[in-house]
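These notes concern the structure reproduced below.
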Amino acid sequence: MLINHIVFSKRNRGVLLLQQELVRFLEDFASKQSVFVNKKVFTPSYKPEFIPHRNSLIEQIAKILAPILKFEKPSNLFIYGKTGSGKTLSVYDVIATFNSLSAEKNIPIKTVYVNCKLRGSTDTEYRLIAQLAREFGKVIPATGLPTEEVYKLFFSAVDSSNTAVILILDEIDELTKKTGSEVLYNLTRINEELQKSFITLVGISNNLNFVETLDPRVRSSLSEEEILFPPYDAAQLQDILSGRAGEGFAKNALDAGVIPKCAAYAAREHGDARRALDLLRISGELADRSNGKKVTAVHVDLAEDKIDRDRILDAIAAQPKQAQATLYSVIFASSGRQSAVLTGGVYECYKDICSGIGLRPLTQRRISDIISELDMLGIITARVISKGRYGRTREIVVPKTLQTPVVKSLLNDALGI
Ligand SMILES: Nc1ncnc2c1ncn2[C@@H]1O[C@H](COP(=O)(O)OP(=O)(O)OP(=O)(O)O)[C@@H](O)[C@H]1O
Ligand SMILES: [Mg+2]
């Protein structure tokens, strides 16, 4: 709020006064005790010591991979479940145990973790295999070799290492989206090429239908064993939050209703522990910002609103230009109106905007489809109504959260208006 004033005010004296106010705010903020004692426990990379409600799943993973401790090849394993159900955390936990056992008992095990969602090293088959070969000490140029050659170098490096390898491909569906499933076919056949080493694959995905999209040969090989991570319920989320709150917040910094409310909100969607933890962290940040000494249920409501708003902004930013122009037109056509706008009115606006920014206009039918896609994403609400013999149209309502300067400036920037 203060910063907005500084950016937009043109009167220097006013700016100076506000700057002084801001400096005072920052000084107060710095001197005030935070509700947090260790905010690091809320960062995505933090690994908690206790992982409640995942004991039996962790045990299942460990038992499937256990033969590796005798240098026997375990089955490949496919782990799936909705986002925030603890898949990555649980696999990390098992891998940490195997790594320390292998060091302690001198067993030649190597674990390689690849997050296929990260851009760069998994964008093409070449890059992925080159990265894996580098893990085994090979020097591979960023481009230039035939992919087959990179595979050969990788195979020979693995084989001469005399190692039992666990290769974890997290967010594996992102890999096939980028490269196709050929790479998985090759990886699942890799042991046919190895004599002194072997590789066990652990694929992880939050796309519940992923394996069904695979070629049957890849599918049966990747999911020799399968483990489903169910979503958490509200009570389980409360346990997870309590554990993290104990490490991250000052004593008595949380009102009694805070954790149950964060858990209930996160459980209402699909039991996503990441969302529950984000809610708790943002509630704490809002309490700090409002100079409160305690986090209350009101902060949780504000945090929930903020997360929803941010999610909508992210969704808008990720839309293609035509969808952004359509949304801009919907907002423009409905600004200052009490009632809903119809597709026809939006289309007129859209054509004007297209000619203003030099965008090739799509047909009204296509814009109508885009409007229903924006509706499905929860960005706007569009209801089909019948206009008798004039056919059907859509009645579009723009939520208040979209009628803000932040959304307008995001769309202005995206469309170059
Ligand atoms: N049982 C648990 N105990 C403590 N923290 C947990 C637990 N389950 C999940 N978390 C925390 O919730 C967040 C999400 O967990 P994780 O990354 O393992 O989810 P995921 O199933 O891999 O989700 P995605 O499919 O989106 O990758 C992490 O911060 C993790 O530390
Ligand atoms: Mg994960």
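Each chain of the structure tokens is named A, B, ... in the order shown, its residues numbered from 1; ligands are numbered from 1 in display order.
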
Taking only C-alpha atoms and all ligand atoms into account, which residues have an atom no farther than 9 Å from ligand 1? I'd like them as an mmCIF file with N, CA, C and O atoms, in the first residue's frame.
```cif
data_model
loop_
_atom_site.group_PDB
_atom_site.id
_atom_site.type_symbol
_atom_site.label_atom_id
_atom_site.label_comp_id
_atom_site.auth_asym_id
_atom_site.auth_seq_id
_atom_site.Cartn_x
_atom_site.Cartn_y
_atom_site.Cartn_z
ATOM 1 N N VAL A 41 12.035 -23.636 8.187
ATOM 2 C CA VAL A 41 11.295 -24.901 8.166
ATOM 3 C C VAL A 41 10.101 -24.838 7.208
ATOM 4 O O VAL A 41 9.454 -25.844 6.945
ATOM 5 N N PHE A 42 9.817 -23.642 6.688
ATOM 6 C CA PHE A 42 8.711 -23.526 5.729
ATOM 7 C C PHE A 42 9.203 -23.427 4.282
ATOM 8 O O PHE A 42 8.415 -23.188 3.385
ATOM 9 N N THR A 43 10.518 -23.568 4.084
ATOM 10 C CA THR A 43 11.007 -23.524 2.691
ATOM 11 C C THR A 43 10.799 -24.902 2.042
ATOM 12 O O THR A 43 10.827 -25.929 2.725
ATOM 13 N N PRO A 44 10.586 -24.921 0.714
ATOM 14 C CA PRO A 44 10.268 -26.193 0.051
ATOM 15 C C PRO A 44 11.352 -27.251 0.226
ATOM 16 O O PRO A 44 11.058 -28.441 0.249
ATOM 17 N N SER A 45 12.612 -26.817 0.367
ATOM 18 C CA SER A 45 13.674 -27.825 0.437
ATOM 19 C C SER A 45 13.851 -28.396 1.849
ATOM 20 O O SER A 45 14.593 -29.354 2.037
ATOM 21 N N TYR A 46 13.162 -27.836 2.837
ATOM 22 C CA TYR A 46 13.342 -28.316 4.207
ATOM 23 C C TYR A 46 12.805 -29.737 4.358
ATOM 24 O O TYR A 46 11.705 -30.048 3.901
ATOM 25 N N LYS A 47 13.613 -30.584 4.986
ATOM 26 C CA LYS A 47 13.161 -31.965 5.191
ATOM 27 C C LYS A 47 12.912 -32.186 6.672
ATOM 28 O O LYS A 47 13.853 -32.198 7.461
ATOM 29 N N PRO A 48 11.659 -32.349 7.075
ATOM 30 C CA PRO A 48 11.381 -32.533 8.504
ATOM 31 C C PRO A 48 11.916 -33.878 8.995
ATOM 32 O O PRO A 48 12.037 -34.823 8.209
ATOM 33 N N GLU A 49 12.206 -33.918 10.296
ATOM 34 C CA GLU A 49 12.756 -35.159 10.830
ATOM 35 C C GLU A 49 11.682 -36.237 10.914
ATOM 36 O O GLU A 49 11.927 -37.398 10.637
ATOM 37 N N PHE A 50 10.463 -35.814 11.295
ATOM 38 C CA PHE A 50 9.358 -36.784 11.408
ATOM 39 C C PHE A 50 8.377 -36.588 10.258
ATOM 40 O O PHE A 50 8.074 -35.448 9.894
ATOM 41 N N ILE A 51 7.916 -37.688 9.746
ATOM 42 C CA ILE A 51 6.998 -37.631 8.604
ATOM 43 C C ILE A 51 5.721 -38.384 9.007
ATOM 44 O O ILE A 51 5.564 -39.564 8.693
ATOM 45 N N PRO A 52 4.843 -37.721 9.743
ATOM 46 C CA PRO A 52 3.671 -38.443 10.235
ATOM 47 C C PRO A 52 2.795 -38.969 9.099
ATOM 48 O O PRO A 52 2.736 -38.363 8.029
ATOM 49 N N HIS A 53 2.152 -40.083 9.346
ATOM 50 C CA HIS A 53 1.158 -40.697 8.442
ATOM 51 C C HIS A 53 1.746 -41.235 7.144
ATOM 52 O O HIS A 53 1.005 -41.475 6.203
ATOM 53 N N ARG A 54 3.055 -41.379 7.095
ATOM 54 C CA ARG A 54 3.633 -41.973 5.887
ATOM 55 C C ARG A 54 4.533 -43.159 6.215
ATOM 56 O O ARG A 54 5.195 -43.686 5.316
ATOM 57 N N ASN A 55 4.499 -43.584 7.502
ATOM 58 C CA ASN A 55 5.359 -44.699 7.908
ATOM 59 C C ASN A 55 5.196 -45.923 7.045
ATOM 60 O O ASN A 55 6.177 -46.490 6.550
ATOM 61 N N TYR A 80 2.636 -42.809 -7.298
ATOM 62 C CA TYR A 80 1.752 -41.749 -7.790
ATOM 63 C C TYR A 80 0.774 -41.308 -6.705
ATOM 64 O O TYR A 80 0.518 -42.030 -5.737
ATOM 65 N N GLY A 81 0.257 -40.132 -6.869
ATOM 66 C CA GLY A 81 -0.676 -39.568 -5.890
ATOM 67 C C GLY A 81 -0.757 -38.086 -6.126
ATOM 68 O O GLY A 81 0.128 -37.503 -6.775
ATOM 69 N N LYS A 82 -1.823 -37.492 -5.586
ATOM 70 C CA LYS A 82 -2.040 -36.072 -5.879
ATOM 71 C C LYS A 82 -0.928 -35.197 -5.302
ATOM 72 O O LYS A 82 -0.170 -35.623 -4.437
ATOM 73 N N THR A 83 -0.895 -33.971 -5.805
ATOM 74 C CA THR A 83 0.158 -33.054 -5.371
ATOM 75 C C THR A 83 0.076 -32.795 -3.857
ATOM 76 O O THR A 83 -1.004 -32.746 -3.293
ATOM 77 N N GLY A 84 1.260 -32.714 -3.244
ATOM 78 C CA GLY A 84 1.325 -32.425 -1.804
ATOM 79 C C GLY A 84 0.981 -33.609 -0.921
ATOM 80 O O GLY A 84 0.688 -33.445 0.259
ATOM 81 N N SER A 85 1.042 -34.846 -1.488
ATOM 82 C CA SER A 85 0.700 -36.003 -0.656
ATOM 83 C C SER A 85 1.950 -36.657 -0.048
ATOM 84 O O SER A 85 1.862 -37.736 0.523
ATOM 85 N N GLY A 86 3.099 -35.999 -0.177
ATOM 86 C CA GLY A 86 4.300 -36.466 0.508
ATOM 87 C C GLY A 86 5.152 -37.447 -0.284
ATOM 88 O O GLY A 86 6.006 -38.133 0.291
ATOM 89 N N LYS A 87 4.971 -37.532 -1.599
ATOM 90 C CA LYS A 87 5.714 -38.510 -2.409
ATOM 91 C C LYS A 87 7.211 -38.203 -2.408
ATOM 92 O O LYS A 87 8.036 -39.052 -2.088
ATOM 93 N N THR A 88 7.544 -36.946 -2.778
ATOM 94 C CA THR A 88 8.966 -36.596 -2.881
ATOM 95 C C THR A 88 9.647 -36.708 -1.517
ATOM 96 O O THR A 88 10.733 -37.289 -1.397
ATOM 97 N N LEU A 89 8.965 -36.195 -0.498
ATOM 98 C CA LEU A 89 9.539 -36.237 0.851
ATOM 99 C C LEU A 89 9.813 -37.681 1.286
ATOM 100 O O LEU A 89 10.886 -37.990 1.813
ATOM 101 N N SER A 90 8.862 -38.572 1.038
ATOM 102 C CA SER A 90 9.014 -39.963 1.483
ATOM 103 C C SER A 90 10.142 -40.662 0.724
ATOM 104 O O SER A 90 10.933 -41.404 1.314
ATOM 105 N N VAL A 91 10.225 -40.413 -0.587
ATOM 106 C CA VAL A 91 11.296 -41.050 -1.369
ATOM 107 C C VAL A 91 12.659 -40.525 -0.903
ATOM 108 O O VAL A 91 13.600 -41.304 -0.712
ATOM 109 N N TYR A 92 12.741 -39.238 -0.655
ATOM 110 C CA TYR A 92 13.989 -38.661 -0.132
ATOM 111 C C TYR A 92 14.395 -39.357 1.167
ATOM 112 O O TYR A 92 15.565 -39.644 1.395
ATOM 113 N N ASP A 170 11.568 -37.824 -10.772
ATOM 114 C CA ASP A 170 10.421 -37.182 -10.123
ATOM 115 C C ASP A 170 9.692 -36.342 -11.168
ATOM 116 O O ASP A 170 10.321 -35.785 -12.061
ATOM 117 N N GLU A 171 8.376 -36.266 -11.036
ATOM 118 C CA GLU A 171 7.534 -35.547 -12.022
ATOM 119 C C GLU A 171 7.810 -36.121 -13.412
ATOM 120 O O GLU A 171 8.012 -35.385 -14.379
ATOM 121 N N ILE A 204 8.027 -40.984 -10.296
ATOM 122 C CA ILE A 204 7.044 -40.356 -9.388
ATOM 123 C C ILE A 204 6.186 -39.407 -10.213
ATOM 124 O O ILE A 204 6.715 -38.668 -11.044
ATOM 125 N N SER A 205 4.881 -39.431 -9.955
ATOM 126 C CA SER A 205 4.016 -38.517 -10.712
ATOM 127 C C SER A 205 2.763 -38.144 -9.920
ATOM 128 O O SER A 205 2.255 -38.950 -9.140
ATOM 129 N N ASN A 206 2.297 -36.907 -10.131
ATOM 130 C CA ASN A 206 1.005 -36.554 -9.523
ATOM 131 C C ASN A 206 -0.119 -36.618 -10.557
ATOM 132 O O ASN A 206 -1.242 -36.220 -10.295
ATOM 133 N N ASN A 207 0.227 -37.142 -11.739
ATOM 134 C CA ASN A 207 -0.794 -37.361 -12.756
ATOM 135 C C ASN A 207 -1.287 -38.803 -12.602
ATOM 136 O O ASN A 207 -0.581 -39.751 -12.930
ATOM 137 N N PHE A 229 -0.072 -42.856 -3.205
ATOM 138 C CA PHE A 229 -0.093 -41.990 -2.025
ATOM 139 C C PHE A 229 -1.471 -41.320 -1.943
ATOM 140 O O PHE A 229 -1.784 -40.475 -2.778
ATOM 141 N N PRO A 231 -4.473 -38.789 -0.576
ATOM 142 C CA PRO A 231 -4.399 -37.435 -0.015
ATOM 143 C C PRO A 231 -4.561 -37.478 1.506
ATOM 144 O O PRO A 231 -5.085 -38.447 2.045
ATOM 145 N N TYR A 232 -4.079 -36.458 2.177
ATOM 146 C CA TYR A 232 -4.237 -36.394 3.635
ATOM 147 C C TYR A 232 -5.641 -35.906 3.974
ATOM 148 O O TYR A 232 -6.218 -35.110 3.225
ATOM 149 N N GLN A 236 -4.972 -35.503 9.659
ATOM 150 C CA GLN A 236 -3.558 -35.790 9.343
ATOM 151 C C GLN A 236 -2.802 -34.491 9.046
ATOM 152 O O GLN A 236 -1.664 -34.309 9.472
ATOM 153 N N LEU A 237 -3.474 -33.589 8.333
ATOM 154 C CA LEU A 237 -2.821 -32.308 8.038
ATOM 155 C C LEU A 237 -2.534 -31.541 9.330
ATOM 156 O O LEU A 237 -1.497 -30.881 9.449
ATOM 157 N N ASP A 239 -1.708 -32.813 12.155
ATOM 158 C CA ASP A 239 -0.484 -33.375 12.754
ATOM 159 C C ASP A 239 0.761 -32.848 12.036
ATOM 160 O O ASP A 239 1.766 -32.511 12.660
ATOM 161 N N ILE A 240 0.678 -32.792 10.704
ATOM 162 C CA ILE A 240 1.825 -32.308 9.918
ATOM 163 C C ILE A 240 2.109 -30.846 10.271
ATOM 164 O O ILE A 240 3.251 -30.445 10.522
ATOM 165 N N LEU A 241 1.032 -30.047 10.336
ATOM 166 C CA LEU A 241 1.205 -28.620 10.641
ATOM 167 C C LEU A 241 1.728 -28.430 12.054
ATOM 168 O O LEU A 241 2.591 -27.578 12.294
ATOM 169 N N GLY A 243 3.618 -30.353 13.796
ATOM 170 C CA GLY A 243 5.048 -30.673 13.820
ATOM 171 C C GLY A 243 5.866 -29.494 13.318
ATOM 172 O O GLY A 243 6.837 -29.063 13.955
ATOM 173 N N ARG A 244 5.462 -28.938 12.188
ATOM 174 C CA ARG A 244 6.231 -27.852 11.577
ATOM 175 C C ARG A 244 6.109 -26.576 12.419
ATOM 176 O O ARG A 244 7.072 -25.826 12.550
ATOM 177 N N ASP A 272 -3.749 -31.356 0.402
ATOM 178 C CA ASP A 272 -2.409 -31.016 -0.065
ATOM 179 C C ASP A 272 -1.602 -30.413 1.098
ATOM 180 O O ASP A 272 -1.905 -29.329 1.580
ATOM 181 N N ALA A 273 -0.560 -31.155 1.542
ATOM 182 C CA ALA A 273 0.222 -30.685 2.692
ATOM 183 C C ALA A 273 0.991 -29.408 2.349
ATOM 184 O O ALA A 273 1.215 -28.554 3.208
ATOM 185 N N ARG A 274 1.389 -29.275 1.068
ATOM 186 C CA ARG A 274 2.134 -28.073 0.680
ATOM 187 C C ARG A 274 1.255 -26.837 0.838
ATOM 188 O O ARG A 274 1.675 -25.823 1.371
ATOM 189 N N ARG A 275 0.015 -26.985 0.411
ATOM 190 C CA ARG A 275 -0.911 -25.847 0.517
ATOM 191 C C ARG A 275 -1.183 -25.526 1.996
ATOM 192 O O ARG A 275 -1.242 -24.360 2.386
ATOM 193 N N ALA A 276 -1.333 -26.550 2.821
ATOM 194 C CA ALA A 276 -1.586 -26.326 4.248
ATOM 195 C C ALA A 276 -0.397 -25.578 4.870
ATOM 196 O O ALA A 276 -0.587 -24.618 5.624
ATOM 197 N N LEU A 277 0.824 -26.013 4.514
ATOM 198 C CA LEU A 277 2.015 -25.359 5.071
ATOM 199 C C LEU A 277 2.154 -23.922 4.553
ATOM 200 O O LEU A 277 2.536 -23.018 5.306
ATOM 201 N N ASP A 278 1.821 -23.706 3.281
ATOM 202 C CA ASP A 278 1.866 -22.343 2.728
ATOM 203 C C ASP A 278 0.892 -21.437 3.461
ATOM 204 O O ASP A 278 1.205 -20.298 3.784
#
```

Problem - Per-residue DSSP, stretch 80-321 of chain A, filtered to strand (DSSP E), as a PyMOL selection string - result: chain A and resi 80-81+109-115+164-170+198-205+225-229

Exercise for the section: In Å, rounded to a single decimal, give me how far atom CA of A:Thr326 is from atom CA of A:Ile370. Expected result: 7.4 Å

Problem - Exercise: stretch 385-401 of chain A partners within 9 Å, only C-alpha atoms, chain neighbours under 2 positions left out, as number ranges by chain - result: A: 309, 312, 330-331, 334-335, 339-344, 368, 371-372, 375, 379-383, 403-404, 407

Exercise for the section: Please measure the separation of atom CA of A:Ala250 and atom CA of A:Val35, giving the value in Å to one decimal. Expected result: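 The value is 5.5 Å.
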
Name all residues at most 12 Å from A:Glu304 (count only C-alpha atoms; drop same-chain ones fewer than 3 positions away) and give them as a PDB file with N, CA and C atoms, in the first residue's frame.
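And here is the file that came out, out-v1.pdb:
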```pdb
ATOM      1  N   LYS A 261      -7.864 -24.581  11.265  1.00  0.00           N
ATOM      2  CA  LYS A 261      -8.429 -23.872  10.119  1.00  0.00           C
ATOM      3  C   LYS A 261      -7.577 -24.073   8.860  1.00  0.00           C
ATOM      4  N   CYS A 262      -6.250 -23.981   9.020  1.00  0.00           N
ATOM      5  CA  CYS A 262      -5.367 -24.224   7.860  1.00  0.00           C
ATOM      6  C   CYS A 262      -5.607 -25.638   7.332  1.00  0.00           C
ATOM      7  N   ALA A 263      -5.699 -26.604   8.259  1.00  0.00           N
ATOM      8  CA  ALA A 263      -5.887 -28.005   7.847  1.00  0.00           C
ATOM      9  C   ALA A 263      -7.229 -28.171   7.145  1.00  0.00           C
ATOM     10  N   ALA A 264      -8.274 -27.530   7.687  1.00  0.00           N
ATOM     11  CA  ALA A 264      -9.609 -27.680   7.091  1.00  0.00           C
ATOM     12  C   ALA A 264      -9.636 -27.077   5.692  1.00  0.00           C
ATOM     13  N   TYR A 265      -9.020 -25.924   5.522  1.00  0.00           N
ATOM     14  CA  TYR A 265      -9.002 -25.302   4.194  1.00  0.00           C
ATOM     15  C   TYR A 265      -8.267 -26.181   3.187  1.00  0.00           C
ATOM     16  N   ALA A 266      -7.114 -26.709   3.596  1.00  0.00           N
ATOM     17  CA  ALA A 266      -6.322 -27.523   2.657  1.00  0.00           C
ATOM     18  C   ALA A 266      -7.027 -28.849   2.366  1.00  0.00           C
ATOM     19  N   ARG A 275       0.015 -26.985   0.411  1.00  0.00           N
ATOM     20  CA  ARG A 275      -0.911 -25.847   0.517  1.00  0.00           C
ATOM     21  C   ARG A 275      -1.183 -25.526   1.996  1.00  0.00           C
ATOM     22  N   ALA A 276      -1.333 -26.550   2.821  1.00  0.00           N
ATOM     23  CA  ALA A 276      -1.586 -26.326   4.248  1.00  0.00           C
ATOM     24  C   ALA A 276      -0.397 -25.578   4.870  1.00  0.00           C
ATOM     25  N   LEU A 277       0.824 -26.013   4.514  1.00  0.00           N
ATOM     26  CA  LEU A 277       2.015 -25.359   5.071  1.00  0.00           C
ATOM     27  C   LEU A 277       2.154 -23.922   4.553  1.00  0.00           C
ATOM     28  N   ASP A 278       1.821 -23.706   3.281  1.00  0.00           N
ATOM     29  CA  ASP A 278       1.866 -22.343   2.728  1.00  0.00           C
ATOM     30  C   ASP A 278       0.892 -21.437   3.461  1.00  0.00           C
ATOM     31  N   LEU A 279      -0.297 -21.976   3.704  1.00  0.00           N
ATOM     32  CA  LEU A 279      -1.319 -21.185   4.403  1.00  0.00           C
ATOM     33  C   LEU A 279      -0.818 -20.755   5.782  1.00  0.00           C
ATOM     34  N   LEU A 280      -0.212 -21.727   6.479  1.00  0.00           N
ATOM     35  CA  LEU A 280       0.276 -21.425   7.820  1.00  0.00           C
ATOM     36  C   LEU A 280       1.398 -20.384   7.768  1.00  0.00           C
ATOM     37  N   ARG A 281       2.319 -20.553   6.829  1.00  0.00           N
ATOM     38  CA  ARG A 281       3.430 -19.601   6.710  1.00  0.00           C
ATOM     39  C   ARG A 281       2.924 -18.206   6.362  1.00  0.00           C
ATOM     40  N   ILE A 282       2.023 -18.124   5.371  1.00  0.00           N
ATOM     41  CA  ILE A 282       1.543 -16.802   4.954  1.00  0.00           C
ATOM     42  C   ILE A 282       0.728 -16.157   6.079  1.00  0.00           C
ATOM     43  N   SER A 283      -0.025 -16.969   6.816  1.00  0.00           N
ATOM     44  CA  SER A 283      -0.768 -16.418   7.964  1.00  0.00           C
ATOM     45  C   SER A 283       0.218 -15.770   8.931  1.00  0.00           C
ATOM     46  N   LEU A 286       1.524 -12.495   7.521  1.00  0.00           N
ATOM     47  CA  LEU A 286       0.531 -11.417   7.611  1.00  0.00           C
ATOM     48  C   LEU A 286       0.436 -10.908   9.055  1.00  0.00           C
ATOM     49  N   ALA A 297      -7.152 -16.692  13.491  1.00  0.00           N
ATOM     50  CA  ALA A 297      -7.950 -17.273  12.397  1.00  0.00           C
ATOM     51  C   ALA A 297      -8.203 -16.237  11.303  1.00  0.00           C
ATOM     52  N   VAL A 298      -8.234 -14.955  11.688  1.00  0.00           N
ATOM     53  CA  VAL A 298      -8.447 -13.910  10.675  1.00  0.00           C
ATOM     54  C   VAL A 298      -7.271 -13.892   9.693  1.00  0.00           C
ATOM     55  N   HIS A 299      -6.058 -14.069  10.214  1.00  0.00           N
ATOM     56  CA  HIS A 299      -4.891 -14.115   9.327  1.00  0.00           C
ATOM     57  C   HIS A 299      -4.991 -15.297   8.353  1.00  0.00           C
ATOM     58  N   VAL A 300      -5.553 -16.407   8.828  1.00  0.00           N
ATOM     59  CA  VAL A 300      -5.686 -17.575   7.941  1.00  0.00           C
ATOM     60  C   VAL A 300      -6.640 -17.246   6.790  1.00  0.00           C
ATOM     61  N   ASP A 301      -7.738 -16.550   7.105  1.00  0.00           N
ATOM     62  CA  ASP A 301      -8.684 -16.166   6.028  1.00  0.00           C
ATOM     63  C   ASP A 301      -8.004 -15.240   5.026  1.00  0.00           C
ATOM     64  N   ILE A 307      -3.605 -16.463  -1.362  1.00  0.00           N
ATOM     65  CA  ILE A 307      -3.187 -17.611  -2.175  1.00  0.00           C
ATOM     66  C   ILE A 307      -4.087 -17.736  -3.406  1.00  0.00           C
ATOM     67  N   ASP A 308      -5.398 -17.565  -3.200  1.00  0.00           N
ATOM     68  CA  ASP A 308      -6.341 -17.650  -4.337  1.00  0.00           C
ATOM     69  C   ASP A 308      -6.029 -16.591  -5.376  1.00  0.00           C
ATOM     70  N   ARG A 309      -5.774 -15.364  -4.875  1.00  0.00           N
ATOM     71  CA  ARG A 309      -5.475 -14.257  -5.791  1.00  0.00           C
ATOM     72  C   ARG A 309      -4.207 -14.560  -6.588  1.00  0.00           C
ATOM     73  N   ASP A 310      -3.173 -14.998  -5.873  1.00  0.00           N
ATOM     74  CA  ASP A 310      -1.898 -15.282  -6.542  1.00  0.00           C
ATOM     75  C   ASP A 310      -2.064 -16.389  -7.574  1.00  0.00           C
ATOM     76  N   ARG A 311      -2.906 -17.367  -7.222  1.00  0.00           N
ATOM     77  CA  ARG A 311      -3.102 -18.496  -8.128  1.00  0.00           C
ATOM     78  C   ARG A 311      -3.766 -18.014  -9.428  1.00  0.00           C
TER      79      ARG A 311
END
```

Exercise for the section: Could you tell me which of A:Arg360, A:Lys32, A:Lys178, A:Lys117 comes closest to ligand 2 if we count only C-alpha atoms and all ligand atoms? Expected result: A:Lys117

Handout entry: Distance query A:Ser121 at most 7 Å, only C-alpha atoms, self and fewer than 5 positions along chain excluded, as a list in words
Key = Arg127, Leu128 and Gln131 of chain A

Exercise for the section: Using only C-alpha atoms, determine which residues lie at most 12 Å from A:Pro405, disregarding the query and same-chain residues fewer than 5 positions distant; provide the list as a list in words. Expected result: Asn4, Leu313, Ile331, Lys400, Leu410, Leu411, Asn412 and Asp413 of chain A

Problem - Residue nearest ligand 2 - candidates A:Leu327, A:Leu65, A:Ala157, A:Val114, atoms counted: only C-alpha atoms and all ligand atoms - result: A:Val114

Exercise for the section: Extract the full set of alpha helix (DSSP H) residues from stretch 385-416 of chain A according to DSSP on the backbone, and format it as an MDAnalysis selection string. Expected result: chainID A and resid 405:415

Practice task
For A:Val37, list every protein, DNA or RNA residue within 10 Å, evaluated using only C-alpha atoms, and leave out those in the same chain fewer than 6 positions away; present the list as a PyMOL selection string.
Solution key: chain A and resi 245-251+253

Handout entry: Minimum-distance residue to ligand 2, chosen among A:Tyr113, A:Tyr185, A:Phe136, A:Tyr151 (using only C-alpha atoms and all ligand atoms)
Key = A:Tyr113
